[in-house]
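Have a look at data_2.pdb; it's PDB, C-alpha atoms (C1' of nucleotides):
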```
ATOM      1  CA  MET A 250    -167.106  62.233 -56.094
ATOM      2  CA  VAL A 251    -165.002  59.106 -56.056
ATOM      3  CA  ARG A 252    -161.421  59.528 -57.177
ATOM      4  CA  ASP A 253    -159.015  57.184 -58.809
ATOM      5  CA  THR A 254    -155.857  56.877 -56.739
ATOM      6  CA  ALA A 255    -152.702  54.808 -56.893
ATOM      7  CA  GLN A 256    -153.513  53.336 -53.487
ATOM      8  CA  ARG A 257    -156.924  52.065 -54.515
ATOM      9  CA  ARG A 258    -155.604  50.644 -57.735
ATOM     10  CA  ALA A 259    -152.819  48.857 -55.892
ATOM     11  CA  ILE A 260    -155.178  47.413 -53.286
ATOM     12  CA  ARG A 261    -157.721  46.194 -55.804
ATOM     13  CA  ARG A 262    -154.945  44.721 -57.905
ATOM     14  CA  ALA A 263    -153.378  42.932 -54.949
ATOM     15  CA  LEU A 264    -156.664  41.243 -54.107
ATOM     16  CA  GLU A 265    -157.362  40.439 -57.735
ATOM     17  CA  GLU A 266    -154.013  38.841 -58.341
ATOM     18  CA  ALA A 267    -153.571  37.032 -55.049
ATOM     19  CA  GLY A 268    -155.870  34.192 -56.101
ATOM     20  CA  ARG A 269    -156.447  33.484 -52.452
ATOM     21  CA  PRO A 270    -158.063  35.351 -49.554
ATOM     22  CA  LEU A 271    -155.891  38.028 -47.973
ATOM     23  CA  GLY A 272    -156.091  39.578 -44.533
ATOM     24  CA  ALA A 273    -155.763  43.320 -44.013
ATOM     25  CA  LEU A 274    -152.049  43.091 -43.284
ATOM     26  CA  GLU A 275    -151.458  40.827 -46.249
ATOM     27  CA  VAL A 276    -153.274  43.348 -48.431
ATOM     28  CA  LEU A 277    -151.073  46.069 -47.024
ATOM     29  CA  GLU A 278    -147.903  44.138 -47.827
ATOM     30  CA  ALA A 279    -149.028  43.033 -51.240
ATOM     31  CA  SER A 280    -150.092  46.553 -52.188
ATOM     32  CA  LYS A 281    -146.934  48.320 -51.185
ATOM     33  CA  ALA A 282    -145.311  47.527 -54.519
ATOM     34  CA  GLY A 283    -147.883  49.649 -56.313
ATOM     35  CA  ALA A 284    -148.294  52.221 -53.554
ATOM     36  CA  PRO A 285    -145.206  52.901 -51.471
ATOM     37  CA  GLY A 286    -145.934  54.371 -48.073
ATOM     38  CA  LEU A 287    -149.422  52.902 -48.076
ATOM     39  CA  GLY A 288    -151.043  53.062 -44.651
ATOM     40  CA  ILE A 289    -153.189  50.480 -42.951
ATOM     41  CA  ALA A 290    -156.079  52.938 -42.591
ATOM     42  CA  THR A 291    -156.333  53.235 -46.343
ATOM     43  CA  VAL A 292    -156.332  49.473 -46.642
ATOM     44  CA  TYR A 293    -159.291  49.187 -44.279
ATOM     45  CA  ARG A 294    -161.095  52.018 -46.031
ATOM     46  CA  SER A 295    -160.621  50.434 -49.428
ATOM     47  CA  ILE A 296    -161.651  47.001 -48.233
ATOM     48  CA  LYS A 297    -164.830  48.530 -46.866
ATOM     49  CA  ALA A 298    -165.569  50.219 -50.158
ATOM     50  CA  LEU A 299    -164.858  47.096 -52.199
ATOM     51  CA  LEU A 300    -167.134  45.114 -49.909
ATOM     52  CA  ALA A 301    -169.866  47.712 -50.239
ATOM     53  CA  ASP A 302    -169.822  47.656 -54.017
ATOM     54  CA  GLY A 303    -169.670  43.874 -54.089
ATOM     55  CA  SER A 304    -166.222  43.535 -55.632
ATOM     56  CA  ILE A 305    -164.902  41.389 -52.831
ATOM     57  CA  CYS A 306    -166.341  39.251 -50.100
ATOM     58  CA  GLU A 307    -165.325  38.407 -46.616
ATOM     59  CA  VAL A 308    -163.798  35.051 -45.740
ATOM     60  CA  LEU A 309    -164.137  34.310 -42.052
ATOM     61  CA  LEU A 310    -162.194  31.490 -40.478
ATOM     62  CA  PRO A 311    -162.519  30.305 -36.899
ATOM     63  CA  GLY A 312    -160.435  32.343 -34.518
ATOM     64  CA  GLU A 313    -158.897  34.537 -37.186
ATOM     65  CA  ALA A 314    -159.270  38.055 -38.465
ATOM     66  CA  PRO A 315    -161.284  38.335 -41.679
ATOM     67  CA  ARG A 316    -159.692  37.779 -45.061
ATOM     68  CA  TYR A 317    -161.026  39.035 -48.364
ATOM     69  CA  GLU A 318    -161.254  37.519 -51.810
ATOM     70  CA  PHE A 319    -162.572  38.638 -55.144
ATOM     71  CA  ALA A 320    -166.276  38.020 -55.560
ATOM     72  CA  GLY A 321    -168.051  36.118 -58.295
ATOM     73  CA  LYS A 322    -166.354  32.781 -57.844
ATOM     74  CA  ASP A 323    -168.281  29.537 -57.858
ATOM     75  CA  HIS A 324    -169.159  27.885 -54.592
ATOM     76  CA  HIS A 325    -165.929  26.747 -53.012
ATOM     77  CA  HIS A 326    -164.195  26.155 -49.704
ATOM     78  CA  HIS A 327    -160.845  26.935 -48.172
ATOM     79  CA  PHE A 328    -157.651  25.336 -47.037
ATOM     80  CA  ARG A 329    -155.495  26.793 -44.321
ATOM     81  CA  CYS A 330    -151.825  25.899 -44.152
ATOM     82  CA  GLN A 331    -150.807  25.429 -40.552
ATOM     83  CA  ARG A 332    -147.200  26.261 -41.373
ATOM     84  CA  CYS A 333    -147.400  29.542 -43.291
ATOM     85  CA  GLU A 334    -150.971  30.321 -42.236
ATOM     86  CA  LYS A 335    -151.946  31.264 -45.746
ATOM     87  CA  VAL A 336    -155.423  30.379 -46.928
ATOM     88  CA  PHE A 337    -156.052  28.840 -50.326
ATOM     89  CA  GLU A 338    -159.134  28.305 -52.385
ATOM     90  CA  LEU A 339    -160.319  24.740 -52.968
ATOM     91  CA  GLY A 340    -162.087  23.658 -56.128
ATOM     92  CA  GLY A 341    -165.621  22.232 -56.255
ATOM     93  CA  GLY A 342    -166.248  18.783 -54.742
ATOM     94  CA  CYS A 343    -168.951  19.488 -52.227
ATOM     95  CA  LEU A 344    -170.807  17.743 -49.438
ATOM     96  CA  PRO A 345    -173.218  15.135 -50.733
ATOM     97  CA  ASP A 346    -175.170  14.016 -47.712
ATOM     98  CA  LEU A 347    -175.565  17.037 -45.528
ATOM     99  CA  LYS A 348    -179.169  16.186 -44.901
ATOM    100  CA  SER A 349    -178.510  12.776 -43.421
ATOM    101  CA  ALA A 350    -176.640  14.176 -40.458
ATOM    102  CA  LEU A 351    -179.267  16.763 -39.628
ATOM    103  CA  PRO A 352    -181.614  16.496 -36.685
ATOM    104  CA  ARG A 353    -185.318  16.493 -37.553
ATOM    105  CA  GLY A 354    -186.814  19.880 -38.214
ATOM    106  CA  PHE A 355    -183.564  21.642 -38.950
ATOM    107  CA  ARG A 356    -183.400  23.677 -42.132
ATOM    108  CA  VAL A 357    -180.146  24.254 -43.967
ATOM    109  CA  SER A 358    -179.377  27.483 -45.745
ATOM    110  CA  SER A 359    -175.662  27.155 -46.354
ATOM    111  CA  HIS A 360    -172.508  25.483 -45.195
ATOM    112  CA  GLU A 361    -168.797  25.995 -45.137
ATOM    113  CA  VAL A 362    -165.845  23.659 -45.035
ATOM    114  CA  LEU A 363    -162.367  24.412 -43.831
ATOM    115  CA  VAL A 364    -159.527  22.007 -44.456
ATOM    116  CA  HIS A 365    -156.384  22.165 -42.375
ATOM    117  CA  GLY A 366    -153.018  20.892 -43.481
ATOM    118  CA  VAL A 367    -149.778  21.843 -45.112
ATOM    119  CA  CYS A 368    -149.652  23.572 -48.481
ATOM    120  CA  SER A 369    -147.441  22.359 -51.299
ATOM    121  CA  GLY A 370    -144.920  25.130 -50.790
ATOM    122  CA  CYS A 371    -144.420  24.327 -47.126
ATOM    123  CA  ALA A 372    -144.516  20.568 -47.723
ATOM    124  CA  ARG A 373    -141.839  20.859 -50.391
ATOM    125  CA  GLY A 374    -139.604  23.054 -48.269
ATOM    126  CA  LYS A 375    -140.280  20.668 -45.347
ATOM    127  CA  ARG A 376    -139.988  21.982 -41.822
ATOM    128  CA  ARG A 377    -139.183  25.646 -41.744
TER
ATOM    129  CA  MET B 199    -154.908  22.146  -3.122
ATOM    130  CA  VAL B 200    -157.868  22.305  -5.443
ATOM    131  CA  ARG B 201    -161.169  22.951  -3.740
ATOM    132  CA  ASP B 202    -164.624  21.815  -4.558
ATOM    133  CA  THR B 203    -166.958  24.786  -4.886
ATOM    134  CA  ALA B 204    -170.564  25.294  -5.869
ATOM    135  CA  GLN B 205    -169.454  27.519  -8.734
ATOM    136  CA  ARG B 206    -167.216  24.898 -10.303
ATOM    137  CA  ARG B 207    -169.799  22.194  -9.904
ATOM    138  CA  ALA B 208    -172.452  24.371 -11.509
ATOM    139  CA  ILE B 209    -170.224  25.313 -14.431
ATOM    140  CA  ARG B 210    -169.152  21.755 -15.148
ATOM    141  CA  ARG B 211    -172.728  20.591 -14.882
ATOM    142  CA  ALA B 212    -173.997  23.287 -17.243
ATOM    143  CA  LEU B 213    -171.513  22.252 -19.899
ATOM    144  CA  GLU B 214    -172.188  18.575 -19.336
ATOM    145  CA  GLU B 215    -175.928  18.894 -19.632
ATOM    146  CA  ALA B 216    -176.119  21.445 -22.421
ATOM    147  CA  GLY B 217    -175.476  18.829 -25.104
ATOM    148  CA  ARG B 218    -174.233  21.599 -27.355
ATOM    149  CA  PRO B 219    -171.320  24.027 -27.281
ATOM    150  CA  LEU B 220    -171.775  27.015 -24.998
ATOM    151  CA  GLY B 221    -170.068  30.386 -25.069
ATOM    152  CA  ALA B 222    -168.779  32.032 -21.903
ATOM    153  CA  LEU B 223    -171.943  34.062 -21.433
ATOM    154  CA  GLU B 224    -174.136  31.053 -22.080
ATOM    155  CA  VAL B 225    -172.166  29.153 -19.463
ATOM    156  CA  LEU B 226    -172.674  32.020 -17.058
ATOM    157  CA  GLU B 227    -176.423  32.014 -17.616
ATOM    158  CA  ALA B 228    -176.789  28.261 -17.490
ATOM    159  CA  SER B 229    -174.756  28.022 -14.297
ATOM    160  CA  LYS B 230    -176.589  30.667 -12.339
ATOM    161  CA  ALA B 231    -179.217  28.169 -11.255
ATOM    162  CA  GLY B 232    -176.627  26.199  -9.329
ATOM    163  CA  ALA B 233    -174.527  29.163  -8.314
ATOM    164  CA  PRO B 234    -176.423  32.401  -7.749
ATOM    165  CA  GLY B 235    -174.281  35.506  -8.036
ATOM    166  CA  LEU B 236    -171.782  33.717 -10.228
ATOM    167  CA  GLY B 237    -169.371  36.137 -11.922
ATOM    168  CA  ILE B 238    -167.981  36.022 -15.419
ATOM    169  CA  ALA B 239    -164.397  35.910 -14.141
ATOM    170  CA  THR B 240    -165.079  32.606 -12.446
ATOM    171  CA  VAL B 241    -166.601  31.275 -15.636
ATOM    172  CA  TYR B 242    -163.473  32.113 -17.594
ATOM    173  CA  ARG B 243    -161.265  30.667 -14.866
ATOM    174  CA  SER B 244    -163.210  27.428 -14.756
ATOM    175  CA  ILE B 245    -163.300  27.082 -18.515
ATOM    176  CA  LYS B 246    -159.548  27.463 -18.557
ATOM    177  CA  ALA B 247    -159.133  24.764 -15.926
ATOM    178  CA  LEU B 248    -161.530  22.373 -17.665
ATOM    179  CA  LEU B 249    -159.662  22.916 -20.926
ATOM    180  CA  ALA B 250    -156.340  22.291 -19.215
ATOM    181  CA  ASP B 251    -157.435  18.983 -17.732
ATOM    182  CA  GLY B 252    -159.041  17.913 -20.988
ATOM    183  CA  SER B 253    -162.636  17.816 -19.776
ATOM    184  CA  ILE B 254    -163.863  20.188 -22.439
ATOM    185  CA  CYS B 255    -162.677  21.399 -25.786
ATOM    186  CA  GLU B 256    -162.944  24.615 -27.663
ATOM    187  CA  VAL B 257    -165.335  25.044 -30.566
ATOM    188  CA  LEU B 258    -164.316  27.933 -32.770
ATOM    189  CA  LEU B 259    -166.696  29.286 -35.371
ATOM    190  CA  PRO B 260    -165.909  31.980 -37.905
ATOM    191  CA  GLY B 261    -166.347  35.471 -36.537
ATOM    192  CA  GLU B 262    -167.540  34.333 -33.123
ATOM    193  CA  ALA B 263    -166.191  34.039 -29.634
ATOM    194  CA  PRO B 264    -165.183  30.498 -28.637
ATOM    195  CA  ARG B 265    -167.721  28.019 -27.369
ATOM    196  CA  TYR B 266    -166.965  24.952 -25.297
ATOM    197  CA  GLU B 267    -168.277  21.415 -25.305
ATOM    198  CA  PHE B 268    -167.583  18.308 -23.335
ATOM    199  CA  ALA B 269    -164.665  16.300 -24.673
ATOM    200  CA  GLY B 270    -164.582  12.669 -25.728
ATOM    201  CA  LYS B 271    -167.227  12.800 -28.401
ATOM    202  CA  ASP B 272    -166.752  11.147 -31.774
ATOM    203  CA  HIS B 273    -165.737  13.228 -34.748
ATOM    204  CA  HIS B 274    -168.603  15.544 -35.549
ATOM    205  CA  HIS B 275    -169.481  18.945 -36.925
ATOM    206  CA  HIS B 276    -171.721  21.816 -35.969
ATOM    207  CA  PHE B 277    -174.855  23.621 -36.976
ATOM    208  CA  ARG B 278    -175.456  27.255 -36.193
ATOM    209  CA  CYS B 279    -179.008  28.590 -36.089
ATOM    210  CA  GLN B 280    -179.121  32.021 -37.665
ATOM    211  CA  ARG B 281    -182.197  32.941 -35.653
ATOM    212  CA  CYS B 282    -181.283  32.080 -32.076
ATOM    213  CA  GLU B 283    -177.538  31.832 -32.741
ATOM    214  CA  LYS B 284    -177.271  28.635 -30.785
ATOM    215  CA  VAL B 285    -174.862  25.992 -32.012
ATOM    216  CA  PHE B 286    -175.801  22.312 -32.183
ATOM    217  CA  GLU B 287    -173.847  19.160 -32.649
ATOM    218  CA  LEU B 288    -174.319  17.186 -35.851
ATOM    219  CA  GLY B 289    -174.020  13.433 -36.039
ATOM    220  CA  GLY B 290    -171.473  11.556 -38.174
ATOM    221  CA  GLY B 291    -171.820  11.641 -41.970
ATOM    222  CA  CYS B 292    -168.506  13.057 -43.059
ATOM    223  CA  LEU B 293    -166.808  14.303 -46.177
ATOM    224  CA  PRO B 294    -166.009  11.515 -48.596
ATOM    225  CA  ASP B 295    -163.949  13.125 -51.330
ATOM    226  CA  LEU B 296    -161.829  15.709 -49.643
ATOM    227  CA  LYS B 297    -158.816  14.612 -51.591
ATOM    228  CA  SER B 298    -160.337  15.214 -55.000
ATOM    229  CA  ALA B 299    -160.668  18.926 -54.415
ATOM    230  CA  LEU B 300    -157.121  19.369 -53.191
ATOM    231  CA  PRO B 301    -154.383  21.000 -55.225
ATOM    232  CA  ARG B 302    -151.342  18.797 -55.877
ATOM    233  CA  GLY B 303    -148.880  18.589 -53.038
ATOM    234  CA  PHE B 304    -151.277  19.692 -50.321
ATOM    235  CA  ARG B 305    -151.463  17.508 -47.236
ATOM    236  CA  VAL B 306    -154.598  17.308 -45.130
ATOM    237  CA  SER B 307    -154.479  16.939 -41.392
ATOM    238  CA  SER B 308    -158.059  17.765 -40.431
ATOM    239  CA  HIS B 309    -161.186  19.514 -41.532
ATOM    240  CA  GLU B 310    -164.252  21.156 -40.105
ATOM    241  CA  VAL B 311    -167.729  21.744 -41.401
ATOM    242  CA  LEU B 312    -170.187  24.348 -40.297
ATOM    243  CA  VAL B 313    -173.790  24.230 -41.425
ATOM    244  CA  HIS B 314    -175.942  27.325 -41.270
ATOM    245  CA  GLY B 315    -179.689  27.324 -41.078
ATOM    246  CA  VAL B 316    -182.637  27.402 -38.734
ATOM    247  CA  CYS B 317    -182.979  24.989 -35.854
ATOM    248  CA  SER B 318    -186.159  23.042 -35.209
ATOM    249  CA  GLY B 319    -187.176  25.254 -32.324
ATOM    250  CA  CYS B 320    -186.951  28.424 -34.345
ATOM    251  CA  ALA B 321    -188.461  26.822 -37.452
ATOM    252  CA  ARG B 322    -191.451  25.629 -35.433
ATOM    253  CA  GLY B 323    -191.983  29.003 -33.817
ATOM    254  CA  LYS B 324    -191.528  30.589 -37.258
ATOM    255  CA  ARG B 325    -190.249  34.133 -37.570
ATOM    256  CA  ARG B 326    -189.030  35.769 -34.441
TER
ATOM    257  C1'  DT C 230    -153.089  76.009 -63.833
ATOM    258  C1'  DT C 231    -156.112  76.659 -60.295
ATOM    259  C1'  DG C 232    -159.199  75.677 -56.584
ATOM    260  C1'  DA C 233    -162.579  72.821 -54.334
ATOM    261  C1'  DT C 234    -162.612  68.839 -51.989
ATOM    262  C1'  DA C 235    -161.815  63.777 -51.776
ATOM    263  C1'  DA C 236    -158.245  60.760 -50.182
ATOM    264  C1'  DT C 237    -154.287  59.691 -47.509
ATOM    265  C1'  DG C 238    -151.155  58.468 -43.443
ATOM    266  C1'  DA C 239    -150.105  58.758 -38.644
ATOM    267  C1'  DT C 240    -152.010  57.792 -34.705
ATOM    268  C1'  DA C 241    -155.576  58.364 -31.165
ATOM    269  C1'  DA C 242    -159.720  56.225 -29.915
ATOM    270  C1'  DC C 243    -162.776  52.478 -29.758
ATOM    271  C1'  DA C 244    -165.033  47.742 -29.102
ATOM    272  C1'  DC C 245    -164.795  43.400 -27.495
ATOM    273  C1'  DA C 246    -163.266  39.326 -25.280
ATOM    274  C1'  DA C 247    -160.243  37.779 -21.935
ATOM    275  C1'  DT C 248    -157.032  38.341 -18.003
ATOM    276  C1'  DA C 249    -155.139  40.548 -13.761
ATOM    277  C1'  DT C 250    -155.903  42.617  -9.319
ATOM    278  C1'  DC C 251    -157.369  42.475  -4.733
ATOM    279  C1'  DA C 252    -160.341  42.580  -0.705
ATOM    280  C1'  DA C 253    -163.790  39.519   0.987
ATOM    281  C1'  DA C 254    -165.828  34.917   1.328
ATOM    282  C1'  DA C 255    -165.612  30.054   1.649
ATOM    283  C1'  DG C 256    -163.443  25.170   1.749
ATOM    284  C1'  DA C 257    -161.219  21.850   4.420
ATOM    285  C1'  DG C 258    -157.510  19.928   7.480
ATOM    286  C1'  DA C 259    -156.403  20.254  12.288
TER
ATOM    287  C1'  DT D 133    -164.396  25.681  15.671
ATOM    288  C1'  DC D 134    -160.352  27.882  14.117
ATOM    289  C1'  DT D 135    -157.079  29.087  10.762
ATOM    290  C1'  DC D 136    -154.733  28.895   6.559
ATOM    291  C1'  DT D 137    -155.242  29.336   1.910
ATOM    292  C1'  DT D 138    -157.868  28.850  -2.267
ATOM    293  C1'  DT D 139    -161.547  30.783  -4.657
ATOM    294  C1'  DT D 140    -164.673  34.277  -5.745
ATOM    295  C1'  DG D 141    -166.869  38.685  -7.694
ATOM    296  C1'  DA D 142    -166.316  43.324  -9.065
ATOM    297  C1'  DT D 143    -163.883  45.780 -11.916
ATOM    298  C1'  DA D 144    -159.585  47.682 -13.867
ATOM    299  C1'  DT D 145    -156.500  46.442 -17.356
ATOM    300  C1'  DT D 146    -154.879  44.369 -21.401
ATOM    301  C1'  DG D 147    -154.600  42.951 -26.269
ATOM    302  C1'  DT D 148    -156.083  42.810 -30.926
ATOM    303  C1'  DG D 149    -158.416  44.400 -34.817
ATOM    304  C1'  DT D 150    -160.872  48.196 -36.679
ATOM    305  C1'  DT D 151    -162.533  52.969 -37.005
ATOM    306  C1'  DA D 152    -162.252  58.084 -36.199
ATOM    307  C1'  DT D 153    -159.690  62.329 -36.336
ATOM    308  C1'  DC D 154    -157.320  65.756 -38.683
ATOM    309  C1'  DA D 155    -153.640  68.167 -40.974
ATOM    310  C1'  DT D 156    -151.557  67.398 -45.387
ATOM    311  C1'  DT D 157    -151.520  65.775 -50.125
ATOM    312  C1'  DA D 158    -153.429  64.677 -54.506
ATOM    313  C1'  DT D 159    -157.207  64.368 -57.967
ATOM    314  C1'  DC D 160    -159.662  66.377 -61.530
ATOM    315  C1'  DA D 161    -163.338  69.651 -63.463
ATOM    316  C1'  DA D 162    -163.239  74.140 -64.984
TER
END
```
Would you mind writing the file's structure down as structure tokens?
Amino acid sequence: MVRDTAQRRAIRRALEEAGRPLGALEVLEASKAGAPGLGIATVYRSIKALLADGSICEVLLPGEAPRYEFAGKDHHHHFRCQRCEKVFELGGGCLPDLKSALPRGFRVSSHEVLVHGVCSGCARGKRR
Amino acid sequence: MVRDTAQRRAIRRALEEAGRPLGALEVLEASKAGAPGLGIATVYRSIKALLADGSICEVLLPGEAPRYEFAGKDHHHHFRCQRCEKVFELGGGCLPDLKSALPRGFRVSSHEVLVHGVCSGCARGKRR
DNA sequence: TTGATAATGATAACACAATATCAAAAGAGA
DNA sequence: TCTCTTTTGATATTGTGTTATCATTATCAA
């Protein structure tokens, strides 16, 4: 029987309120407010459970550990800040002419776009 | 002094002739023709050297080990076949309206696109 | 409140890709 | 050809992220 615990509430809440994909360690940090002493094992366990029940989905970026974001969003892509390394969600505005660049006989099932740059917070604070 | 060996020639040739990004194990396989008994350590060593002198560059895809392709190509993106898991190069045809989807204050420095689907070889052979 | 048991936290163990080690083999100047 | 030294292949080791283990703690139905 599944139990309701402070840890699970804190982890779910952290992911819900982040508004951007979080990695396991980011989830750990963000959840500590609502669950002091939280351990990384519980974070991984909860992420697994939330994935299994479809509450969150995995965001994989090249060369990085998985991040997780709340499910049910519209099709979107991501932006990675090369200063703070946070990942943000980008609104709509999707590829128009995917087909044109495709070799003959190739069939497309999905695509993903990753934009690199500097987020507003880091750009404002300059350097760092 | 750097020496010219059959292994290095075979590895460089494999990457040159592949026409698509190869992972370390793919390089190993493709190079065995020209260098029987080739070991994976030599593949990694050669890849490192080719990267260092700018002959090849790294192609990172989400959740996968790095692949490598010959350098000097025009800006392009990649296609990953979900059947055979090979990665192919896509021709030009790039994102027009990246800016429009960006939050205020974000600065773009680069982007990458990955298209998922089935390559012509796998589509022709159906299933598998 | 009690008791059965699910969940937790610390940490050991694991999986995987990549690097280090080292004796043996091979390249190349003399 | 000989010799010095780089390179190689087998494999041990490392590093990073994730999972397993297990004694302890906490939930919640009765």
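Evaluated against the shown file, the PyMOL selection byres ((chain A) within 10 of (chain C)) gives A:Met250, A:Val251, A:Arg252, A:Asp253, A:Thr254, A:Gln256, A:Arg257, A:Gly286, A:Leu287, A:Gly288, A:Ile289, A:Ala290, A:Thr291.
Using the PyMOL selection byres ((chain D) within 8 of (chain B)) on the file at hand returns these residues: DT138, DT139, DT140 and DG141 of chain D.
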Once you count all atoms listed in the file, what closest atom pair and distance in Å to one decimal does each residue of chain B within 6 Å of chain A have, with rows by chain and rising residue number, as JSON lines?
```
{"residue": "B:Leu258", "atom": "CA", "partner": "A:Pro311", "partner_atom": "CA", "distance": 5.1}
{"residue": "B:Leu259", "atom": "CA", "partner": "A:Pro311", "partner_atom": "CA", "distance": 4.6}
{"residue": "B:Pro260", "atom": "CA", "partner": "A:Pro311", "partner_atom": "CA", "distance": 3.9}
{"residue": "B:Leu288", "atom": "CA", "partner": "A:Ala350", "partner_atom": "CA", "distance": 6.0}
{"residue": "B:Gly289", "atom": "CA", "partner": "A:Ala350", "partner_atom": "CA", "distance": 5.2}
{"residue": "B:Gly291", "atom": "CA", "partner": "A:Ala350", "partner_atom": "CA", "distance": 5.7}
{"residue": "B:Ala299", "atom": "CA", "partner": "A:Gly340", "partner_atom": "CA", "distance": 5.2}
{"residue": "B:Gly303", "atom": "CA", "partner": "A:Ser369", "partner_atom": "CA", "distance": 4.4}
{"residue": "B:Phe304", "atom": "CA", "partner": "A:Cys368", "partner_atom": "CA", "distance": 4.6}
{"residue": "B:Arg305", "atom": "CA", "partner": "A:Val367", "partner_atom": "CA", "distance": 5.1}
{"residue": "B:Val306", "atom": "CA", "partner": "A:Gly366", "partner_atom": "CA", "distance": 4.2}
{"residue": "B:Ser307", "atom": "CA", "partner": "A:Gly366", "partner_atom": "CA", "distance": 4.7}
{"residue": "B:Ser308", "atom": "CA", "partner": "A:His365", "partner_atom": "CA", "distance": 5.1}
{"residue": "B:His309", "atom": "CA", "partner": "A:Val364", "partner_atom": "CA", "distance": 4.2}
{"residue": "B:Glu310", "atom": "CA", "partner": "A:Leu363", "partner_atom": "CA", "distance": 5.3}
{"residue": "B:Val311", "atom": "CA", "partner": "A:Val362", "partner_atom": "CA", "distance": 4.5}
{"residue": "B:Leu312", "atom": "CA", "partner": "A:Glu361", "partner_atom": "CA", "distance": 5.3}
{"residue": "B:Val313", "atom": "CA", "partner": "A:His360", "partner_atom": "CA", "distance": 4.2}
{"residue": "B:His314", "atom": "CA", "partner": "A:Ser359", "partner_atom": "CA", "distance": 5.1}
{"residue": "B:Gly315", "atom": "CA", "partner": "A:Val357", "partner_atom": "CA", "distance": 4.2}
{"residue": "B:Val316", "atom": "CA", "partner": "A:Arg356", "partner_atom": "CA", "distance": 5.1}
{"residue": "B:Cys317", "atom": "CA", "partner": "A:Phe355", "partner_atom": "CA", "distance": 4.6}
{"residue": "B:Ser318", "atom": "CA", "partner": "A:Gly354", "partner_atom": "CA", "distance": 4.4}
```
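Straight-line separation from atom CA of Leu248 of chain B to atom C1' of DT137 of chain D: 21.7 Å.
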Practice item. Given the file shown, enumerate the residues that the PyMOL selection byres ((chain B and resi 213) around 12) captures and present them as a PyMOL selection string. Key: chain B and resi 206-212+214-229+241+244-245+248-249+253-256+265-269
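Of note, atom C1' of DG147 of chain D and atom CA of Lys281 of chain A are spaced 26.6 Å apart.
Note that atom C1' of DT143 of chain D and atom CA of Ala247 of chain B are 21.9 Å apart.
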Would you kindly place N, CA and C atoms on segment 220-231 of chain B and return the model as an mmCIF file, in the coordinates of the input?
```
data_model
loop_
_atom_site.group_PDB
_atom_site.id
_atom_site.type_symbol
_atom_site.label_atom_id
_atom_site.label_comp_id
_atom_site.auth_asym_id
_atom_site.auth_seq_id
_atom_site.Cartn_x
_atom_site.Cartn_y
_atom_site.Cartn_z
ATOM 1 N N LEU B 220 -171.330 25.767 -25.628
ATOM 2 C CA LEU B 220 -171.775 27.015 -24.998
ATOM 3 C C LEU B 220 -170.656 28.044 -24.989
ATOM 4 N N GLY B 221 -171.018 29.281 -25.213
ATOM 5 C CA GLY B 221 -170.068 30.386 -25.069
ATOM 6 C C GLY B 221 -169.970 30.790 -23.613
ATOM 7 N N ALA B 222 -169.008 31.642 -23.293
ATOM 8 C CA ALA B 222 -168.779 32.032 -21.903
ATOM 9 C C ALA B 222 -170.040 32.613 -21.261
ATOM 10 N N LEU B 223 -170.742 33.454 -21.993
ATOM 11 C CA LEU B 223 -171.943 34.062 -21.433
ATOM 12 C C LEU B 223 -173.069 33.062 -21.277
ATOM 13 N N GLU B 224 -173.131 32.109 -22.200
ATOM 14 C CA GLU B 224 -174.136 31.053 -22.080
ATOM 15 C C GLU B 224 -173.836 30.186 -20.867
ATOM 16 N N VAL B 225 -172.559 29.929 -20.635
ATOM 17 C CA VAL B 225 -172.166 29.153 -19.463
ATOM 18 C C VAL B 225 -172.573 29.911 -18.208
ATOM 19 N N LEU B 226 -172.304 31.195 -18.214
ATOM 20 C CA LEU B 226 -172.674 32.020 -17.058
ATOM 21 C C LEU B 226 -174.167 31.895 -16.765
ATOM 22 N N GLU B 227 -174.976 32.084 -17.803
ATOM 23 C CA GLU B 227 -176.423 32.014 -17.616
ATOM 24 C C GLU B 227 -176.860 30.642 -17.118
ATOM 25 N N ALA B 228 -176.360 29.623 -17.797
ATOM 26 C CA ALA B 228 -176.789 28.261 -17.490
ATOM 27 C C ALA B 228 -176.343 27.825 -16.097
ATOM 28 N N SER B 229 -175.295 28.454 -15.584
ATOM 29 C CA SER B 229 -174.756 28.022 -14.297
ATOM 30 C C SER B 229 -175.372 28.764 -13.123
ATOM 31 N N LYS B 230 -176.068 29.824 -13.418
ATOM 32 C CA LYS B 230 -176.589 30.667 -12.339
ATOM 33 C C LYS B 230 -177.573 29.936 -11.448
ATOM 34 N N ALA B 231 -178.275 28.960 -12.048
ATOM 35 C CA ALA B 231 -179.217 28.169 -11.255
ATOM 36 C C ALA B 231 -178.490 27.528 -10.078
#
```
